[in-house]
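As provided, upload20.cif (mmCIF, C-alpha atoms) reads as follows.
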```cif
data_target
loop_
_atom_site.label_atom_id
_atom_site.label_comp_id
_atom_site.auth_asym_id
_atom_site.auth_seq_id
_atom_site.Cartn_x
_atom_site.Cartn_y
_atom_site.Cartn_z
CA MET W 1 42.36 99.29 282.54
CA ARG W 2 43.37 97.58 285.78
CA SER W 3 45.74 99.49 288.04
CA VAL W 4 47.90 98.51 291.00
CA LEU W 5 49.91 100.57 293.47
CA VAL W 6 53.32 99.21 294.50
CA LEU W 7 54.13 100.73 297.89
CA PRO W 8 57.53 100.17 299.58
CA THR W 9 57.42 100.71 303.35
CA TYR W 10 59.89 100.82 306.19
CA ASN W 11 58.92 102.13 309.62
CA GLU W 12 55.72 103.84 308.48
CA SER W 13 53.40 102.57 311.24
CA GLU W 14 52.13 106.10 311.92
CA ASN W 15 51.20 106.65 308.28
CA ILE W 16 50.28 103.30 306.77
CA GLU W 17 46.69 102.96 308.02
CA PRO W 18 45.44 106.46 307.14
CA PHE W 19 47.39 106.30 303.89
CA LEU W 20 45.90 102.99 302.72
CA ARG W 21 42.43 104.22 303.62
CA ALA W 22 43.04 107.44 301.67
CA VAL W 23 44.20 105.49 298.60
CA ARG W 24 41.18 103.22 298.74
CA GLU W 25 38.85 106.22 299.01
CA ALA W 26 40.57 108.15 296.21
CA SER W 27 40.85 105.22 293.80
CA PRO W 28 38.59 102.32 294.84
CA ASP W 29 39.46 100.22 291.78
CA THR W 30 43.23 100.31 292.35
CA ASP W 31 44.76 97.23 293.96
CA ILE W 32 47.68 97.67 296.36
CA VAL W 33 50.87 95.69 296.95
CA VAL W 34 52.70 96.76 300.11
CA VAL W 35 56.39 95.79 300.12
CA ASP W 36 57.54 95.92 303.73
CA ASP W 37 61.17 95.39 304.71
CA ASN W 38 60.44 93.82 308.11
CA SER W 39 59.82 97.22 309.70
CA PRO W 40 60.77 97.11 313.42
CA ASP W 41 57.81 99.39 314.22
CA GLY W 42 55.27 96.85 312.96
CA THR W 43 54.27 98.54 309.70
CA GLY W 44 53.86 95.17 308.01
CA LEU W 45 51.49 93.90 310.70
CA VAL W 46 49.32 97.01 310.39
CA ALA W 47 49.24 96.49 306.63
CA ASP W 48 48.18 92.86 307.15
CA ARG W 49 45.27 93.99 309.30
CA LEU W 50 44.17 96.56 306.73
CA ALA W 51 44.47 93.96 303.97
CA GLU W 52 41.94 91.76 305.78
CA GLU W 53 39.61 94.68 306.43
CA LEU W 54 39.75 96.50 303.09
CA GLY W 55 40.56 93.66 300.70
CA ARG W 56 42.52 93.80 297.43
CA ILE W 57 45.71 94.55 299.37
CA ASP W 58 48.64 92.13 299.30
CA VAL W 59 51.54 92.51 301.71
CA LEU W 60 54.96 91.27 300.63
CA HIS W 61 57.07 90.71 303.74
CA ARG W 62 60.81 90.85 303.12
CA PRO W 63 63.44 89.70 305.65
CA GLY W 64 65.07 93.08 306.21
CA LYS W 65 65.85 96.55 304.90
CA ALA W 66 67.45 96.24 301.47
CA GLY W 67 66.87 99.63 299.86
CA LEU W 68 64.24 101.45 297.82
CA GLY W 69 65.36 100.03 294.49
CA SER W 70 65.33 96.48 295.82
CA ALA W 71 61.83 96.96 297.24
CA TYR W 72 60.49 98.27 293.94
CA ARG W 73 62.14 95.45 292.00
CA ALA W 74 60.41 92.93 294.27
CA GLY W 75 57.07 94.72 293.95
CA PHE W 76 57.28 95.12 290.19
CA ASN W 77 58.21 91.47 289.86
CA GLU W 78 54.96 90.62 291.68
CA VAL W 79 52.68 92.63 289.42
CA LEU W 80 54.25 92.66 285.95
CA GLY W 81 53.26 89.90 283.59
CA GLY W 82 49.89 89.58 285.28
CA SER W 83 46.55 91.21 284.57
CA TYR W 84 47.48 94.82 285.38
CA ASP W 85 47.62 97.53 282.74
CA ILE W 86 48.92 100.39 284.92
CA VAL W 87 51.48 100.29 287.74
CA ILE W 88 51.59 103.20 290.20
CA SER W 89 54.34 104.14 292.64
CA MET W 90 54.33 106.72 295.43
CA ASP W 91 55.54 107.41 298.97
CA ALA W 92 53.56 106.15 301.96
CA ASP W 93 54.04 109.26 304.12
CA PHE W 94 51.49 111.58 302.44
CA SER W 95 54.22 113.51 300.63
CA HIS W 96 52.22 112.52 297.55
CA ASP W 97 48.50 113.23 297.40
CA PRO W 98 46.45 110.03 296.87
CA ASN W 99 43.63 112.10 295.38
CA LEU W 100 45.71 112.54 292.22
CA ILE W 101 45.86 108.80 291.43
CA PRO W 102 42.85 108.90 289.05
CA ASP W 103 44.51 111.76 287.12
CA PHE W 104 47.70 109.72 286.70
CA VAL W 105 45.70 106.71 285.53
CA GLN W 106 43.82 108.81 283.00
CA LEU W 107 47.06 110.17 281.54
CA VAL W 108 48.24 106.62 280.88
CA ILE W 109 44.88 105.79 279.32
CA ASP W 110 45.35 108.86 277.13
CA GLY W 111 48.65 107.51 275.79
CA ALA W 112 51.52 108.13 278.22
CA ASP W 113 53.97 105.29 278.89
CA ILE W 114 55.17 106.92 282.11
CA VAL W 115 53.56 109.74 284.06
CA ILE W 116 55.83 111.58 286.49
CA GLY W 117 54.41 113.74 289.25
CA SER W 118 56.74 116.69 288.81
CA ARG W 119 57.75 119.40 291.24
CA TYR W 120 59.55 121.28 288.49
CA VAL W 121 56.94 121.98 285.84
CA THR W 122 54.45 124.84 285.91
CA GLY W 123 52.05 124.33 288.79
CA GLY W 124 54.37 122.02 290.70
CA GLY W 125 56.42 122.74 293.79
CA THR W 126 57.39 121.80 297.31
CA THR W 127 56.26 122.93 300.73
CA ASP W 128 58.04 123.00 304.08
CA TRP W 129 61.50 122.61 302.52
CA PRO W 130 64.38 124.89 303.49
CA VAL W 131 65.89 126.87 300.62
CA ARG W 132 69.07 124.76 300.71
CA ARG W 133 67.14 121.55 300.11
CA GLN W 134 65.08 123.10 297.31
CA LEU W 135 68.20 124.36 295.55
CA LEU W 136 69.98 121.02 295.96
CA SER W 137 67.04 119.11 294.51
CA ARG W 138 66.65 121.49 291.58
CA TRP W 139 70.37 121.42 290.83
CA GLY W 140 70.48 117.61 291.07
CA ASN W 141 67.61 117.20 288.64
CA ALA W 142 69.01 119.79 286.22
CA TYR W 143 72.39 118.03 286.30
CA THR W 144 70.74 114.64 285.76
CA ARG W 145 68.69 115.94 282.83
CA SER W 146 71.76 117.45 281.21
CA ILE W 147 74.24 114.61 281.59
CA LEU W 148 71.77 111.82 280.73
CA GLY W 149 70.06 113.68 277.91
CA VAL W 150 66.54 113.07 279.20
CA ALA W 151 63.65 115.50 278.91
CA ALA W 152 62.05 114.87 282.30
CA ARG W 153 62.55 117.77 284.70
CA ASP W 154 61.93 115.68 287.83
CA CYS W 155 63.81 112.40 287.45
CA THR W 156 63.77 111.60 291.18
CA SER W 157 60.06 111.97 291.83
CA GLY W 158 58.62 108.73 293.17
CA TYR W 159 55.02 109.59 292.31
CA ARG W 160 54.48 107.86 289.00
CA ALA W 161 52.21 105.75 286.84
CA TYR W 162 53.61 103.34 284.26
CA ARG W 163 51.99 101.55 281.38
CA ALA W 164 52.67 97.98 282.48
CA THR W 165 53.83 96.78 279.08
CA SER W 166 56.28 99.70 278.74
CA LEU W 167 57.68 99.10 282.23
CA ALA W 168 58.06 95.38 281.55
CA LYS W 169 59.89 96.17 278.30
CA ILE W 170 62.86 97.67 280.19
CA ASP W 171 62.87 94.78 282.73
CA PRO W 172 63.11 96.78 285.97
CA THR W 173 64.19 93.63 287.84
CA SER W 174 67.50 93.82 285.94
CA THR W 175 68.35 97.26 287.34
CA SER W 176 71.01 97.65 290.02
CA ALA W 177 70.58 101.13 291.51
CA GLU W 178 69.32 101.78 295.02
CA GLY W 179 67.89 104.89 296.60
CA TYR W 180 66.53 107.59 294.36
CA ALA W 181 69.01 106.67 291.61
CA PHE W 182 66.72 103.72 290.93
CA LEU W 183 63.96 106.13 289.89
CA THR W 184 66.39 107.93 287.60
CA GLU W 185 67.51 104.61 286.11
CA LEU W 186 63.95 103.82 285.08
CA VAL W 187 63.53 107.21 283.38
CA ARG W 188 66.84 106.73 281.56
CA ARG W 189 65.93 103.27 280.32
CA MET W 190 62.41 104.20 279.25
CA THR W 191 63.64 107.32 277.45
CA ARG W 192 66.17 105.23 275.52
CA GLU W 193 63.34 102.90 274.49
CA GLY W 194 61.37 105.83 273.08
CA ALA W 195 58.68 105.79 275.75
CA SER W 196 56.21 108.64 275.95
CA VAL W 197 57.10 110.57 279.12
CA VAL W 198 54.49 112.96 280.53
CA GLU W 199 55.05 115.20 283.54
CA THR W 200 52.09 116.43 285.55
CA PRO W 201 52.45 119.02 288.33
CA ILE W 202 52.34 117.96 291.98
CA ILE W 203 52.92 119.76 295.25
CA PHE W 204 55.32 117.69 297.33
CA ARG W 205 54.57 118.02 301.03
CA ASP W 206 57.18 117.10 303.62
CA ARG W 207 56.14 114.33 305.98
CA THR W 208 54.62 115.28 309.33
CA ARG W 209 54.90 111.82 310.94
CA GLY W 210 57.76 109.34 310.96
CA LYS W 211 61.37 109.79 309.95
CA SER W 212 62.68 110.54 306.48
CA LYS W 213 64.93 107.93 304.86
CA MET W 214 66.82 110.55 302.85
CA SER W 215 70.47 111.09 303.79
CA GLY W 216 73.55 112.84 302.46
CA ARG W 217 75.09 109.47 301.58
CA ILE W 218 72.11 108.55 299.39
CA ILE W 219 72.35 111.88 297.54
CA VAL W 220 76.10 111.51 296.91
CA GLU W 221 75.76 107.90 295.75
CA SER W 222 72.95 108.88 293.37
CA MET W 223 74.94 111.72 291.81
CA LEU W 224 78.02 109.53 291.38
CA LEU W 225 75.97 106.85 289.66
CA VAL W 226 74.26 109.37 287.38
CA THR W 227 77.70 110.75 286.43
CA ARG W 228 78.96 107.25 285.64
CA TRP W 229 75.93 106.54 283.44
CA GLY W 230 76.27 109.85 281.64
CA MET W 231 79.99 109.45 280.95
CA GLY W 232 79.46 105.86 279.84
CA ASP W 233 76.71 106.87 277.42
CA ARG W 234 78.86 109.62 275.95
CA PHE W 235 81.81 107.25 275.53
CA LYS W 236 79.62 104.73 273.68
CA ARG W 237 78.39 107.46 271.35
CA LEU W 238 81.97 108.55 270.59
CA VAL W 239 83.07 104.98 269.93
CA GLY W 240 80.06 104.46 267.68
CA ARG W 241 81.08 107.41 265.52
CA ASN W 242 84.56 106.02 264.89
#
```

Kindly present the structure from the file in structure tokens form.
Amino acid sequence: MRSVLVLPTYNESENIEPFLRAVREASPDTDIVVVDDNSPDGTGLVADRLAEELGRIDVLHRPGKAGLGSAYRAGFNEVLGGSYDIVISMDADFSHDPNLIPDFVQLVIDGADIVIGSRYVTGGGTTDWPVRRQLLSRWGNAYTRSILGVAARDCTSGYRAYRATSLAKIDPTSTSAEGYAFLTELVRRMTREGASVVETPIIFRDRTRGKSKMSGRIIVESMLLVTRWGMGDRFKRLVGRN
């Protein structure tokens, strides 16, 4: 089964070269599509150079920063409908361990439609996070799971592998969410389609180079959107009963 990694980047010049080399070493048969939002620090140019050196790397240059969801939509649009069987997503800052890619691929081969690298199943966790951030993340995921009625314990994890046909079925290019709500939107849609969701434990490591894109505004917007989805779903169910 052919696999491809879709990798959104913005100002990751300190990480992109060692990261791409680590991915190629960990999973030599996985192609890579870098989606760069015209990073001012030259991330896209570094990726271009590595593409020439390593091969089987395409770099999609976008005109400017448009959000995580927009970047993934563009990347998925590039790879779905082609010859790939498995689509992988992850962060480019080494928060996610590239050495686990073959394990994710194998879980899809074994039957999963979506594999989520989960911090909140047995064996998973985070490092270098203050207690406040850990509690906020756990509460946010528990709230999301409850209001949306999904089984996944880590709806906002970006380390994933999708069966390409199952991802195409929900048409991710038709989504509208940005930030980490986009990741939740995919879980919600795939769950509603009856997809097989498998969570595998990961240890999330905070970045050591570069600046995090997470902000309080992104968290608030994500929670508001999740609440709107949840209330809308419940209203539709009530209407359907009458």

Expand the PyMOL selection byres ((chain W and resi 179) around 6) into the explicit residue set it covers here, and present it as a PyMOL selection string.
chain W and resi 68-69+178+180-182

Go ahead and save the residues from that selection, with C-alpha atoms, as a short mmCIF file (atom, residue, chain, number, x, y, z; two decimals), in the coordinates of the input.
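Saved to selection-v6.cif:
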```
data_model
loop_
_atom_site.label_atom_id
_atom_site.label_comp_id
_atom_site.auth_asym_id
_atom_site.auth_seq_id
_atom_site.Cartn_x
_atom_site.Cartn_y
_atom_site.Cartn_z
CA LEU W 68 64.24 101.45 297.82
CA GLY W 69 65.36 100.03 294.49
CA GLU W 178 69.32 101.78 295.02
CA TYR W 180 66.53 107.59 294.36
CA ALA W 181 69.01 106.67 291.61
CA PHE W 182 66.72 103.72 290.93
#
```

Provide the atom CA of W:Asp58 to atom CA of W:Phe104 distance in Å, to one decimal place.
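Those two atoms sit 21.7 Å apart.
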
Please list as a ChimeraX atom specification every residue within 10 Å of W:Val23, counting only C-alpha atoms and excluding residues in the same chain fewer than 6 positions away.
/W:5,29-32,92,97-101

Let me make sure I understand: among W:Leu60, W:Leu148, W:Ile16, W:Val34, which one has the smallest atom-to-atom distance to W:Arg209 if we use all atoms listed in the file?
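Closest to W:Arg209, using all atoms listed in the file: W:Ile16.
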
Counting only C-alpha atoms, the option among W:Thr175, W:Ser222, W:Ser118, W:Thr165 closest to W:Pro201
W:Ser118

Could you tell me, as a PyMOL selection string, exactly which residues end up selected when the PyMOL selection byres ((chain W and resi 173) around 9) is applied to this structure?
chain W and resi 70+72-74+76-77+168+170-172+174-176

Which polymer residues, whether protein, DNA or RNA, lie within 9 Å of the coordinate (56.7, 102.7, 295.4) when you count all atoms listed in the file? List them as a list in words, using the chain letters and numbers from the file.
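Applying the cut-off with all atoms listed in the file, one gets Leu5, Val6, Leu7, Pro8, Thr9, Val34, Val35, Leu68, Ala71, Tyr72, Gly75, Ile88, Ser89, Met90, Asp91, Ala92, Gly158, Tyr159 and Arg160 of chain W.
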
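Of the listed residues (W:Gly81, W:Pro102, W:Trp129, W:Asp36), W:Asp36 comes nearest to W:Gly67; the distances count only C-alpha atoms.
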
Shortest interatomic distance to W:Trp229 - which of W:Glu185, W:Glu193, W:Asp128, W:Asp206, counting all atoms listed in the file
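Checking each candidate against W:Trp229, we get W:Glu185 as the closest.
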
Near W:Glu17, within 10 Å and counting only C-alpha atoms, which residues show up once chain neighbours fewer than 4 positions away are dropped, as a list of chain:residue names?
W:Glu12, W:Ser13, W:Arg21, W:Ala22, W:Thr43, W:Val46, W:Ala47, W:Arg49, W:Leu50, W:Ala92

Mind giving me the straight-line distance from atom CA of W:Arg138 to atom CA of W:Thr184 in Å, one decimal?
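Computing the Euclidean distance for atom CA of W:Arg138 and atom CA of W:Thr184 yields 14.1 Å.
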
Suppose you want the space between atom CA of W:Ala66 and atom CA of W:Asp37; what is it in Å?
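Computed distance, atom CA of W:Ala66 to atom CA of W:Asp37, equals 7.1 Å.
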
Between W:Arg145, W:Arg234, W:His96, W:Arg132, which one has atoms that come closest to W:Arg188, using only C-alpha atoms?
W:Arg145

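You can rank W:Thr227, W:Thr200, W:Ser83, W:Ser39 by their closest distance to W:Gln106 using all atoms listed in the file, and at the top of that list sits W:Thr200.
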
Going by the chain IDs and residue numbers used in this file, which residues fall under the PyMOL selection byres ((chain W and resi 144) around 9)? Write them as a PDB file with C-alpha atoms, in the frame of the given file.
```
ATOM      1  CA  TRP W 139      70.370 121.420 290.830  1.00  0.00           C
ATOM      2  CA  GLY W 140      70.480 117.610 291.070  1.00  0.00           C
ATOM      3  CA  ASN W 141      67.610 117.200 288.640  1.00  0.00           C
ATOM      4  CA  ALA W 142      69.010 119.790 286.220  1.00  0.00           C
ATOM      5  CA  TYR W 143      72.390 118.030 286.300  1.00  0.00           C
ATOM      6  CA  ARG W 145      68.690 115.940 282.830  1.00  0.00           C
ATOM      7  CA  SER W 146      71.760 117.450 281.210  1.00  0.00           C
ATOM      8  CA  ILE W 147      74.240 114.610 281.590  1.00  0.00           C
ATOM      9  CA  LEU W 148      71.770 111.820 280.730  1.00  0.00           C
ATOM     10  CA  GLY W 149      70.060 113.680 277.910  1.00  0.00           C
ATOM     11  CA  VAL W 150      66.540 113.070 279.200  1.00  0.00           C
ATOM     12  CA  ARG W 153      62.550 117.770 284.700  1.00  0.00           C
ATOM     13  CA  CYS W 155      63.810 112.400 287.450  1.00  0.00           C
ATOM     14  CA  THR W 184      66.390 107.930 287.600  1.00  0.00           C
ATOM     15  CA  MET W 223      74.940 111.720 291.810  1.00  0.00           C
ATOM     16  CA  VAL W 226      74.260 109.370 287.380  1.00  0.00           C
ATOM     17  CA  THR W 227      77.700 110.750 286.430  1.00  0.00           C
ATOM     18  CA  GLY W 230      76.270 109.850 281.640  1.00  0.00           C
TER      19      GLY W 230
END
```
